[in-house]
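Note: the block below is run-v5.cif and it holds mmCIF, C-alpha atoms and all ligand atoms.
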data_run
#
loop_
_atom_site.group_PDB
_atom_site.id
_atom_site.type_symbol
_atom_site.label_atom_id
_atom_site.label_comp_id
_atom_site.auth_asym_id
_atom_site.auth_seq_id
_atom_site.Cartn_x
_atom_site.Cartn_y
_atom_site.Cartn_z
ATOM 1 C CA MET A 1 -23.460 0.285 9.247
ATOM 2 C CA GLU A 2 -23.180 2.943 11.950
ATOM 3 C CA ILE A 3 -19.708 4.390 12.356
ATOM 4 C CA SER A 4 -18.906 6.688 15.261
ATOM 5 C CA PHE A 5 -15.650 8.514 15.793
ATOM 6 C CA ALA A 6 -16.753 10.135 19.043
ATOM 7 C CA GLY A 7 -13.725 10.897 21.211
ATOM 8 C CA LYS A 8 -11.298 10.472 18.293
ATOM 9 C CA ARG A 9 -9.007 13.112 16.860
ATOM 10 C CA ALA A 10 -8.489 12.978 13.087
ATOM 11 C CA LEU A 11 -6.075 14.799 10.790
ATOM 12 C CA VAL A 12 -6.889 15.071 7.076
ATOM 13 C CA THR A 13 -4.479 16.525 4.514
ATOM 14 C CA GLY A 14 -5.632 18.226 1.344
ATOM 15 C CA ALA A 15 -8.837 19.082 3.184
ATOM 16 C CA GLY A 16 -9.533 22.232 1.200
ATOM 17 C CA LYS A 17 -11.184 20.643 -1.809
ATOM 18 C CA GLY A 18 -12.497 17.402 -3.271
ATOM 19 C CA ILE A 19 -12.134 14.102 -1.441
ATOM 20 C CA GLY A 20 -10.171 15.548 1.476
ATOM 21 C CA ARG A 21 -12.723 18.242 2.205
ATOM 22 C CA ALA A 22 -15.602 15.753 2.093
ATOM 23 C CA THR A 23 -13.647 13.361 4.336
ATOM 24 C CA ALA A 24 -13.017 16.093 6.913
ATOM 25 C CA LEU A 25 -16.718 17.004 6.985
ATOM 26 C CA ALA A 26 -17.815 13.355 7.185
ATOM 27 C CA LEU A 27 -15.431 12.641 10.056
ATOM 28 C CA ALA A 28 -16.716 15.683 11.925
ATOM 29 C CA SER A 29 -20.308 14.616 11.413
ATOM 30 C CA CYS A 30 -19.397 11.174 12.833
ATOM 31 C CA GLY A 31 -18.159 12.853 16.010
ATOM 32 C CA ALA A 32 -14.409 13.211 15.430
ATOM 33 C CA LYS A 33 -12.439 16.292 16.332
ATOM 34 C CA VAL A 34 -10.951 17.138 12.919
ATOM 35 C CA ILE A 35 -7.731 18.951 12.065
ATOM 36 C CA ALA A 36 -7.875 20.032 8.426
ATOM 37 C CA VAL A 37 -4.567 20.647 6.672
ATOM 38 C CA THR A 38 -4.198 22.326 3.313
ATOM 39 C CA ARG A 39 -2.262 25.147 1.691
ATOM 40 C CA THR A 40 -4.993 27.591 0.598
ATOM 41 C CA GLN A 41 -6.307 29.729 3.474
ATOM 42 C CA ALA A 42 -9.546 30.644 1.639
ATOM 43 C CA ASP A 43 -10.495 26.944 1.473
ATOM 44 C CA LEU A 44 -9.900 26.588 5.203
ATOM 45 C CA ASN A 45 -11.991 29.686 5.919
ATOM 46 C CA SER A 46 -14.959 28.300 4.000
ATOM 47 C CA LEU A 47 -14.495 24.852 5.577
ATOM 48 C CA VAL A 48 -14.594 26.270 9.102
ATOM 49 C CA GLN A 49 -17.625 28.327 8.110
ATOM 50 C CA GLU A 50 -19.308 25.088 7.047
ATOM 51 C CA CYS A 51 -18.253 23.205 10.190
ATOM 52 C CA GLU A 52 -17.151 25.291 13.173
ATOM 53 C CA SER A 53 -15.589 22.429 15.126
ATOM 54 C CA ILE A 54 -12.856 21.865 12.501
ATOM 55 C CA THR A 55 -9.379 23.153 13.369
ATOM 56 C CA PRO A 56 -7.631 24.586 10.292
ATOM 57 C CA VAL A 57 -3.898 24.318 9.633
ATOM 58 C CA CYS A 58 -2.531 26.142 6.604
ATOM 59 C CA VAL A 59 0.769 24.766 5.312
ATOM 60 C CA ASP A 60 2.328 23.658 2.055
ATOM 61 C CA LEU A 61 3.153 20.008 2.657
ATOM 62 C CA SER A 62 5.999 20.139 0.164
ATOM 63 C CA ASP A 63 7.901 22.139 2.820
ATOM 64 C CA TRP A 64 9.255 19.635 5.385
ATOM 65 C CA VAL A 65 10.345 22.249 7.933
ATOM 66 C CA ALA A 66 7.147 24.315 7.703
ATOM 67 C CA THR A 67 5.061 21.141 8.074
ATOM 68 C CA GLU A 68 6.943 20.132 11.204
ATOM 69 C CA ALA A 69 6.389 23.604 12.682
ATOM 70 C CA ALA A 70 2.712 23.797 11.694
ATOM 71 C CA LEU A 71 1.905 20.460 13.312
ATOM 72 C CA GLN A 72 3.729 21.046 16.575
ATOM 73 C CA GLU A 73 0.628 22.232 18.413
ATOM 74 C CA VAL A 74 -2.052 19.923 16.962
ATOM 75 C CA GLY A 75 -2.003 17.468 19.860
ATOM 76 C CA PRO A 76 -2.582 13.704 19.772
ATOM 77 C CA ILE A 77 -4.016 12.175 16.602
ATOM 78 C CA ASP A 78 -5.868 8.824 16.435
ATOM 79 C CA LEU A 79 -6.797 8.842 12.750
ATOM 80 C CA LEU A 80 -4.732 10.154 9.828
ATOM 81 C CA VAL A 81 -5.817 10.553 6.214
ATOM 82 C CA ASN A 82 -2.941 11.334 3.866
ATOM 83 C CA ASN A 83 -5.011 12.651 0.984
ATOM 84 C CA ALA A 84 -3.196 15.683 -0.471
ATOM 85 C CA ALA A 85 -1.514 15.022 -3.796
ATOM 86 C CA TYR A 86 -0.169 16.734 -6.843
ATOM 87 C CA ALA A 87 -0.952 15.566 -10.379
ATOM 88 C CA THR A 88 0.616 16.690 -13.593
ATOM 89 C CA LEU A 89 0.234 15.341 -17.116
ATOM 90 C CA GLN A 90 3.384 14.860 -19.151
ATOM 91 C CA PRO A 91 4.219 12.294 -21.808
ATOM 92 C CA PHE A 92 7.054 10.106 -20.539
ATOM 93 C CA LEU A 93 9.617 11.581 -22.953
ATOM 94 C CA GLU A 94 8.777 15.107 -21.772
ATOM 95 C CA VAL A 95 8.890 14.553 -18.020
ATOM 96 C CA THR A 96 10.819 17.369 -16.346
ATOM 97 C CA PRO A 97 12.861 17.141 -13.152
ATOM 98 C CA ASP A 98 10.875 19.892 -11.390
ATOM 99 C CA GLN A 99 7.562 18.071 -11.929
ATOM 100 C CA PHE A 100 9.149 14.782 -10.858
ATOM 101 C CA ASP A 101 10.510 16.310 -7.657
ATOM 102 C CA LEU A 102 7.314 18.163 -6.735
ATOM 103 C CA SER A 103 5.167 15.082 -7.343
ATOM 104 C CA PHE A 104 7.322 12.785 -5.225
ATOM 105 C CA THR A 105 7.706 15.449 -2.531
ATOM 106 C CA VAL A 106 3.949 15.908 -2.045
ATOM 107 C CA ASN A 107 2.668 12.439 -2.912
ATOM 108 C CA VAL A 108 5.275 10.316 -1.131
ATOM 109 C CA LYS A 109 7.757 12.264 1.010
ATOM 110 C CA ALA A 110 5.089 14.350 2.770
ATOM 111 C CA VAL A 111 3.068 11.205 3.495
ATOM 112 C CA LEU A 112 6.111 9.593 5.063
ATOM 113 C CA HIS A 113 6.792 12.734 7.112
ATOM 114 C CA LEU A 114 3.222 13.310 8.335
ATOM 115 C CA SER A 115 2.908 9.628 9.186
ATOM 116 C CA GLN A 116 6.167 9.681 11.148
ATOM 117 C CA ILE A 117 4.980 12.664 13.192
ATOM 118 C CA VAL A 118 1.567 11.121 13.894
ATOM 119 C CA ALA A 119 2.711 7.516 14.406
ATOM 120 C CA ARG A 120 5.451 8.534 16.843
ATOM 121 C CA GLY A 121 2.721 10.052 19.016
ATOM 122 C CA MET A 122 0.488 6.991 18.659
ATOM 123 C CA LYS A 123 3.387 4.719 19.634
ATOM 124 C CA ALA A 124 4.347 6.868 22.635
ATOM 125 C CA ARG A 125 0.739 6.917 23.923
ATOM 126 C CA GLY A 126 0.251 3.184 23.267
ATOM 127 C CA SER A 127 -3.183 4.060 21.931
ATOM 128 C CA GLY A 128 -2.950 2.514 18.455
ATOM 129 C CA GLY A 129 -4.542 4.228 15.498
ATOM 130 C CA SER A 130 -5.482 4.014 11.860
ATOM 131 C CA ILE A 131 -3.857 5.663 8.857
ATOM 132 C CA VAL A 132 -5.393 5.762 5.379
ATOM 133 C CA ASN A 133 -3.277 6.846 2.431
ATOM 134 C CA VAL A 134 -5.222 7.967 -0.617
ATOM 135 C CA SER A 135 -3.580 6.235 -3.555
ATOM 136 C CA SER A 136 -5.111 5.558 -6.981
ATOM 137 C CA GLN A 137 -5.883 2.903 -9.568
ATOM 138 C CA ALA A 138 -2.885 4.551 -11.261
ATOM 139 C CA SER A 139 -0.611 2.808 -8.756
ATOM 140 C CA GLN A 140 -1.266 -0.518 -10.427
ATOM 141 C CA CYS A 141 -2.165 0.244 -14.021
ATOM 142 C CA ALA A 142 -0.288 2.306 -16.605
ATOM 143 C CA LEU A 143 -2.105 5.466 -17.715
ATOM 144 C CA ARG A 144 -0.875 7.505 -20.667
ATOM 145 C CA ASP A 145 0.825 10.815 -19.711
ATOM 146 C CA HIS A 146 0.742 9.804 -16.039
ATOM 147 C CA ALA A 147 4.288 8.371 -15.724
ATOM 148 C CA VAL A 148 5.260 10.383 -12.666
ATOM 149 C CA TYR A 149 1.833 10.274 -11.001
ATOM 150 C CA CYS A 150 1.631 6.482 -11.492
ATOM 151 C CA ALA A 151 5.136 6.124 -10.063
ATOM 152 C CA THR A 152 4.283 8.184 -6.971
ATOM 153 C CA LYS A 153 1.148 6.164 -6.277
ATOM 154 C CA GLY A 154 3.009 2.870 -6.799
ATOM 155 C CA ALA A 155 5.563 4.099 -4.282
ATOM 156 C CA LEU A 156 2.746 5.096 -1.926
ATOM 157 C CA ASP A 157 1.214 1.592 -2.039
ATOM 158 C CA MET A 158 4.572 0.067 -1.140
ATOM 159 C CA LEU A 159 5.286 2.653 1.559
ATOM 160 C CA THR A 160 1.890 1.778 3.031
ATOM 161 C CA LYS A 161 2.744 -1.923 3.204
ATOM 162 C CA VAL A 162 6.029 -1.295 5.001
ATOM 163 C CA MET A 163 4.280 1.073 7.416
ATOM 164 C CA ALA A 164 1.690 -1.651 8.060
ATOM 165 C CA LEU A 165 4.501 -4.109 8.767
ATOM 166 C CA GLU A 166 6.476 -1.862 11.099
ATOM 167 C CA LEU A 167 3.609 -0.068 12.859
ATOM 168 C CA GLY A 168 1.317 -3.112 13.236
ATOM 169 C CA PRO A 169 2.946 -4.212 16.506
ATOM 170 C CA TYR A 170 1.834 -0.873 17.995
ATOM 171 C CA GLN A 171 -1.767 -1.534 16.845
ATOM 172 C CA ILE A 172 -1.446 1.145 14.193
ATOM 173 C CA ARG A 173 -3.133 -0.015 10.988
ATOM 174 C CA VAL A 174 -2.139 1.454 7.631
ATOM 175 C CA ASN A 175 -4.088 0.960 4.395
ATOM 176 C CA THR A 176 -4.747 2.668 1.067
ATOM 177 C CA VAL A 177 -7.844 3.407 -0.943
ATOM 178 C CA ASN A 178 -7.247 3.312 -4.694
ATOM 179 C CA PRO A 179 -9.998 5.194 -6.507
ATOM 180 C CA THR A 180 -10.753 5.354 -10.184
ATOM 181 C CA VAL A 181 -11.514 8.783 -11.675
ATOM 182 C CA VAL A 182 -13.512 11.162 -9.459
ATOM 183 C CA MET A 183 -14.602 14.430 -11.054
ATOM 184 C CA THR A 184 -12.916 16.772 -8.579
ATOM 185 C CA LYS A 185 -10.532 19.552 -9.585
ATOM 186 C CA MET A 186 -7.843 16.907 -10.079
ATOM 187 C CA GLY A 187 -10.160 14.549 -11.962
ATOM 188 C CA ARG A 188 -11.238 17.286 -14.336
ATOM 189 C CA LEU A 189 -7.602 18.080 -15.144
ATOM 190 C CA ALA A 190 -7.112 14.695 -16.775
ATOM 191 C CA TRP A 191 -10.570 13.459 -17.771
ATOM 192 C CA SER A 192 -12.828 16.357 -18.865
ATOM 193 C CA ASN A 193 -12.282 15.615 -22.539
ATOM 194 C CA PRO A 194 -15.352 13.440 -23.391
ATOM 195 C CA GLU A 195 -13.421 11.139 -25.737
ATOM 196 C CA LYS A 196 -10.731 10.500 -23.164
ATOM 197 C CA ALA A 197 -13.325 10.044 -20.447
ATOM 198 C CA GLN A 198 -15.156 7.501 -22.609
ATOM 199 C CA SER A 199 -11.976 5.470 -23.135
ATOM 200 C CA MET A 200 -11.614 5.195 -19.354
ATOM 201 C CA LEU A 201 -15.323 4.558 -18.747
ATOM 202 C CA SER A 202 -15.255 1.666 -21.209
ATOM 203 C CA ARG A 203 -12.666 -0.072 -18.999
ATOM 204 C CA ILE A 204 -14.724 0.252 -15.795
ATOM 205 C CA PRO A 205 -17.136 -2.694 -15.512
ATOM 206 C CA LEU A 206 -19.682 -0.609 -13.583
ATOM 207 C CA GLY A 207 -19.558 1.929 -16.432
ATOM 208 C CA HIS A 208 -19.230 5.095 -14.357
ATOM 209 C CA PHE A 209 -16.656 7.089 -12.433
ATOM 210 C CA ALA A 210 -16.546 7.127 -8.630
ATOM 211 C CA GLU A 211 -18.358 9.777 -6.636
ATOM 212 C CA VAL A 212 -16.531 11.607 -3.857
ATOM 213 C CA GLU A 213 -18.829 9.829 -1.340
ATOM 214 C CA ASP A 214 -17.738 6.396 -2.627
ATOM 215 C CA VAL A 215 -14.161 7.205 -1.699
ATOM 216 C CA VAL A 216 -15.071 8.891 1.593
ATOM 217 C CA ASN A 217 -17.133 5.870 2.713
ATOM 218 C CA SER A 218 -14.200 3.538 2.055
ATOM 219 C CA ILE A 219 -11.842 5.829 3.956
ATOM 220 C CA LEU A 220 -14.233 5.950 6.928
ATOM 221 C CA PHE A 221 -14.496 2.152 6.936
ATOM 222 C CA LEU A 222 -10.704 1.727 6.979
ATOM 223 C CA LEU A 223 -10.348 4.334 9.729
ATOM 224 C CA SER A 224 -13.033 2.729 11.873
ATOM 225 C CA ASP A 225 -12.944 -0.275 14.175
ATOM 226 C CA LYS A 226 -15.188 -2.090 11.650
ATOM 227 C CA SER A 227 -11.924 -2.877 9.831
ATOM 228 C CA ASN A 228 -9.922 -3.817 12.936
ATOM 229 C CA MET A 229 -8.151 -6.767 11.293
ATOM 230 C CA ILE A 230 -7.431 -5.030 7.969
ATOM 231 C CA ASN A 231 -3.846 -3.844 7.692
ATOM 232 C CA GLY A 232 -1.597 -3.255 4.679
ATOM 233 C CA VAL A 233 -4.263 -3.542 1.986
ATOM 234 C CA THR A 234 -4.724 -1.508 -1.180
ATOM 235 C CA LEU A 235 -8.500 -1.186 -1.577
ATOM 236 C CA PRO A 236 -9.666 -0.400 -5.120
ATOM 237 C CA VAL A 237 -12.668 1.942 -5.251
ATOM 238 C CA ASP A 238 -12.808 1.593 -8.993
ATOM 239 C CA GLY A 239 -15.973 -0.156 -10.167
ATOM 240 C CA GLY A 240 -13.830 -3.148 -11.153
ATOM 241 C CA PHE A 241 -11.201 -1.349 -13.289
ATOM 242 C CA LEU A 242 -8.247 -3.138 -11.674
ATOM 243 C CA ALA A 243 -9.968 -6.519 -11.831
ATOM 244 C CA CYS A 244 -9.819 -6.640 -15.621
HETATM 245 P P1 LIG A 301 -8.278 18.019 -5.467
HETATM 246 O O1 LIG A 301 -7.311 18.623 -6.406
HETATM 247 O O2 LIG A 301 -9.723 18.252 -5.629
HETATM 248 O O3 LIG A 301 -7.886 18.399 -3.951
HETATM 249 C C1 LIG A 301 -6.581 18.213 -3.483
HETATM 250 C C2 LIG A 301 -6.402 18.970 -2.195
HETATM 251 O O4 LIG A 301 -5.034 18.780 -1.752
HETATM 252 C C3 LIG A 301 -6.580 20.483 -2.382
HETATM 253 O O5 LIG A 301 -7.200 21.035 -1.266
HETATM 254 C C4 LIG A 301 -5.141 20.968 -2.526
HETATM 255 O O6 LIG A 301 -4.946 22.318 -2.179
HETATM 256 C C5 LIG A 301 -4.451 20.052 -1.514
HETATM 257 N N1 LIG A 301 -3.005 20.022 -1.737
HETATM 258 C C6 LIG A 301 -2.364 19.724 -2.889
HETATM 259 N N2 LIG A 301 -1.042 19.904 -2.740
HETATM 260 C C7 LIG A 301 -0.848 20.320 -1.459
HETATM 261 C C8 LIG A 301 0.296 20.696 -0.715
HETATM 262 N N3 LIG A 301 1.523 20.690 -1.246
HETATM 263 N N4 LIG A 301 0.133 21.083 0.570
HETATM 264 C C9 LIG A 301 -1.088 21.121 1.133
HETATM 265 N N5 LIG A 301 -2.215 20.785 0.468
HETATM 266 C C10 LIG A 301 -2.092 20.398 -0.812
HETATM 267 O O7 LIG A 301 -7.929 16.445 -5.520
HETATM 268 P P2 LIG A 301 -8.842 15.152 -5.232
HETATM 269 O O8 LIG A 301 -9.763 15.400 -4.124
HETATM 270 O O9 LIG A 301 -9.343 14.666 -6.537
HETATM 271 O O10 LIG A 301 -7.699 14.133 -4.796
HETATM 272 C C11 LIG A 301 -7.544 13.683 -3.469
HETATM 273 C C12 LIG A 301 -6.698 12.421 -3.487
HETATM 274 O O11 LIG A 301 -7.342 11.422 -4.291
HETATM 275 C C13 LIG A 301 -5.308 12.593 -4.084
HETATM 276 O O12 LIG A 301 -4.391 11.821 -3.331
HETATM 277 C C14 LIG A 301 -5.445 12.020 -5.481
HETATM 278 O O13 LIG A 301 -4.210 11.571 -5.979
HETATM 279 C C15 LIG A 301 -6.409 10.895 -5.219
HETATM 280 N N6 LIG A 301 -7.129 10.435 -6.396
HETATM 281 C C16 LIG A 301 -7.916 11.302 -7.125
HETATM 282 C C17 LIG A 301 -8.568 10.834 -8.242
HETATM 283 C C18 LIG A 301 -9.434 11.735 -9.061
HETATM 284 O O14 LIG A 301 -9.777 11.334 -10.202
HETATM 285 N N7 LIG A 301 -9.812 12.916 -8.607
HETATM 286 C C19 LIG A 301 -8.464 9.424 -8.674
HETATM 287 C C20 LIG A 301 -7.641 8.614 -7.840
HETATM 288 C C21 LIG A 301 -6.995 9.111 -6.749
HETATM 289 P P3 LIG A 301 -4.881 23.448 -3.378
HETATM 290 O O15 LIG A 301 -6.142 23.305 -4.170
HETATM 291 O O16 LIG A 301 -4.785 24.699 -2.589
HETATM 292 O O17 LIG A 301 -3.663 23.108 -4.176
#

Rewrite the structure from the file as structure tokens, please.
Amino acid sequence: MEISFAGKRALVTGAGKGIGRATALALASCGAKVIAVTRTQADLNSLVQECESITPVCVDLSDWVATEAALQEVGPIDLLVNNAAYATLQPFLEVTPDQFDLSFTVNVKAVLHLSQIVARGMKARGSGGSIVNVSSQASQCALRDHAVYCATKGALDMLTKVMALELGPYQIRVNTVNPTVVMTKMGRLAWSNPEKAQSMLSRIPLGHFAEVEDVVNSILFLLSDKSNMINGVTLPVDGGFLAC
């Protein structure tokens, strides 16, 4: 299936590493003008070196005011990928308020904020658009030591559905992808221990983790007009984990 984003302007958060970086590069190679947002300048430098057409924006999305300021000049956006997230591992009884607040600030509040900024522009222009929020299988299935992360992704799924409901009349579609483990920096944090990894692998019918490309392809599909009638869904990219 050929997907072209020629003439479209796309904003990707967490574009410095992992899934976000690969999404930014894939969108650019499909013809989109990409704005890459992340908080580490060195990652943006290497990204622009890899793909000159990408516009870098360096901001910590946990800072509401700084985010607002950083995005003032980015211009109209047709496609938004809310990918940046924070993950921390804490047993439920040891969850600390600082980790709770940071996780919800990045994984939920920043998504709401970015989406408000972008969707207000889409509504004003009457141009419609597509938003993909990168959630997780952890939104729908309990994972040990992931109490706060699971809670943020559950909240993100529900936020997505309400956005789909309220923004649909403006032809703005909002969906999530919900990957299983991907061995990025974040994936390695939780799943590099072979025993732990095996316990997860044994619950995935396909018997392997997702590759970055598996997630990117699903994001591109949901952003594209190939999914024109898909709105408010949570799309597992999990080899069947959530089906069992
Ligand atoms: P990575 O850790 O590889 O990359 C995350 C990117 O987000 C980094 O560039 C990071 O920047 C950036 N980021 C994090 N916090 C902020 C912030 N406050 N402001 C700006 N940028 C920020 O993660 P993945 O690629 O693995 O994850 C991408 C998405 O996929 C996340 O939403 C994650 O929850 C989801 N996901 C991942 C899974 C996995 O197993 N990897 C499984 C299921 C879902 P920096 O490095 O500078 O902090």

From the options A:Val59, A:Val81, A:Ala70, A:Val34, which residue's atoms come nearest to ligand LIG 301 (chain A), counting all atoms listed in the file? A:Val59

Axis-aligned box over every listed atom of ligand LIG 301 (chain A), padded by 5 Å per side: centre and edges in Å to one decimal, as JSON?
{"center_x": -4.1, "center_y": 16.7, "center_z": -4.5, "size_x": 21.3, "size_y": 26.1, "size_z": 21.3}

Result set of the PyMOL selection byres (((chain A and resi 102) around 12) and not hetatm) on the coordinates above, as an MDAnalysis selection string: chainID A and resid 60:63 85:88 95:101 103:110 148:149 152

Counting all atoms listed in the file, what are the residues, protein, DNA or RNA alike, that approach ligand LIG 301 (chain A) to within 8 Å? I want them as number ranges by chain. A: 13-21, 37-40, 43, 58-63, 82-87, 106-107, 133-138, 149, 153, 178-188, 190-191, 212

Care to translate the PyMOL selection byres (((chain A and resi 218) around 10) and not hetatm) into actual residues of this file, as a short mmCIF file (atom, residue, chain, number, x, y, z; two decimals) with C-alpha atoms, in the frame of the given file?
data_model
loop_
_atom_site.label_atom_id
_atom_site.label_comp_id
_atom_site.auth_asym_id
_atom_site.auth_seq_id
_atom_site.Cartn_x
_atom_site.Cartn_y
_atom_site.Cartn_z
CA VAL A 132 -5.39 5.76 5.38
CA THR A 176 -4.75 2.67 1.07
CA VAL A 177 -7.84 3.41 -0.94
CA ASN A 178 -7.25 3.31 -4.69
CA PRO A 179 -10.00 5.19 -6.51
CA GLU A 213 -18.83 9.83 -1.34
CA ASP A 214 -17.74 6.40 -2.63
CA VAL A 215 -14.16 7.20 -1.70
CA VAL A 216 -15.07 8.89 1.59
CA ASN A 217 -17.13 5.87 2.71
CA ILE A 219 -11.84 5.83 3.96
CA LEU A 220 -14.23 5.95 6.93
CA PHE A 221 -14.50 2.15 6.94
CA LEU A 222 -10.70 1.73 6.98
CA LEU A 223 -10.35 4.33 9.73
CA SER A 224 -13.03 2.73 11.87
CA LEU A 235 -8.50 -1.19 -1.58
CA PRO A 236 -9.67 -0.40 -5.12
CA VAL A 237 -12.67 1.94 -5.25
#

CA of Leu79 in chain A and CA of Lys8 in chain A are how many Å apart? 7.3 Å

Test item: the PyMOL selection byres (((chain A and resi 168) around 12) and not hetatm) resolved as a PDB file with C-alpha atoms, in the coordinates of the input:
ATOM      1  CA  ALA A 119       2.711   7.516  14.406  1.00  0.00           C
ATOM      2  CA  MET A 122       0.488   6.991  18.659  1.00  0.00           C
ATOM      3  CA  LYS A 123       3.387   4.719  19.634  1.00  0.00           C
ATOM      4  CA  GLY A 126       0.251   3.184  23.267  1.00  0.00           C
ATOM      5  CA  GLY A 128      -2.950   2.514  18.455  1.00  0.00           C
ATOM      6  CA  GLY A 129      -4.542   4.228  15.498  1.00  0.00           C
ATOM      7  CA  SER A 130      -5.482   4.014  11.860  1.00  0.00           C
ATOM      8  CA  ILE A 131      -3.857   5.663   8.857  1.00  0.00           C
ATOM      9  CA  THR A 160       1.890   1.778   3.031  1.00  0.00           C
ATOM     10  CA  LYS A 161       2.744  -1.923   3.204  1.00  0.00           C
ATOM     11  CA  VAL A 162       6.029  -1.295   5.001  1.00  0.00           C
ATOM     12  CA  MET A 163       4.280   1.073   7.416  1.00  0.00           C
ATOM     13  CA  ALA A 164       1.690  -1.651   8.060  1.00  0.00           C
ATOM     14  CA  LEU A 165       4.501  -4.109   8.767  1.00  0.00           C
ATOM     15  CA  GLU A 166       6.476  -1.862  11.099  1.00  0.00           C
ATOM     16  CA  LEU A 167       3.609  -0.068  12.859  1.00  0.00           C
ATOM     17  CA  PRO A 169       2.946  -4.212  16.506  1.00  0.00           C
ATOM     18  CA  TYR A 170       1.834  -0.873  17.995  1.00  0.00           C
ATOM     19  CA  GLN A 171      -1.767  -1.534  16.845  1.00  0.00           C
ATOM     20  CA  ILE A 172      -1.446   1.145  14.193  1.00  0.00           C
ATOM     21  CA  ARG A 173      -3.133  -0.015  10.988  1.00  0.00           C
ATOM     22  CA  VAL A 174      -2.139   1.454   7.631  1.00  0.00           C
ATOM     23  CA  ASN A 175      -4.088   0.960   4.395  1.00  0.00           C
ATOM     24  CA  ASN A 228      -9.922  -3.817  12.936  1.00  0.00           C
ATOM     25  CA  MET A 229      -8.151  -6.767  11.293  1.00  0.00           C
ATOM     26  CA  ILE A 230      -7.431  -5.030   7.969  1.00  0.00           C
ATOM     27  CA  ASN A 231      -3.846  -3.844   7.692  1.00  0.00           C
ATOM     28  CA  GLY A 232      -1.597  -3.255   4.679  1.00  0.00           C
TER      29      GLY A 232
END

Residue with the minimum atom-to-atom distance to Cys244 in chain A, picked from A:Phe5, A:Gln140, A:Val118, A:Val48 with only C-alpha atoms counted, is A:Gln140

Which distance in Å separates CA of Ala6 in chain A and CA of Val111 in chain A, to one decimal? 25.2 Å

Which neighbours of Gln72 in chain A fall inside 12 Å, counting all atoms listed in the file, when residues of the same chain fewer than 6 positions from it are skipped, and could you give them as a ChimeraX atom specification? /A:57,65-66,114,117-118,121

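Taking CA of Ala28 in chain A and CA of Glu73 in chain A as endpoints, the distance between them is 19.6 Å.
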
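Comparing A:Ala69, A:Leu80, A:Ala243, A:Ala22 by their smallest distance to Ala10 in chain A, the closest is A:Leu80 (using all atoms listed in the file).
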
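Closest to Ala151 in chain A among A:Leu112, A:Met1, A:Leu25, A:Phe92 is A:Phe92, based on only C-alpha atoms.
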
Counting only C-alpha atoms, the residue among A:Glu2, A:Glu50, A:Glu195, A:Asp157 that lies closest to Val233 in chain A is A:Asp157
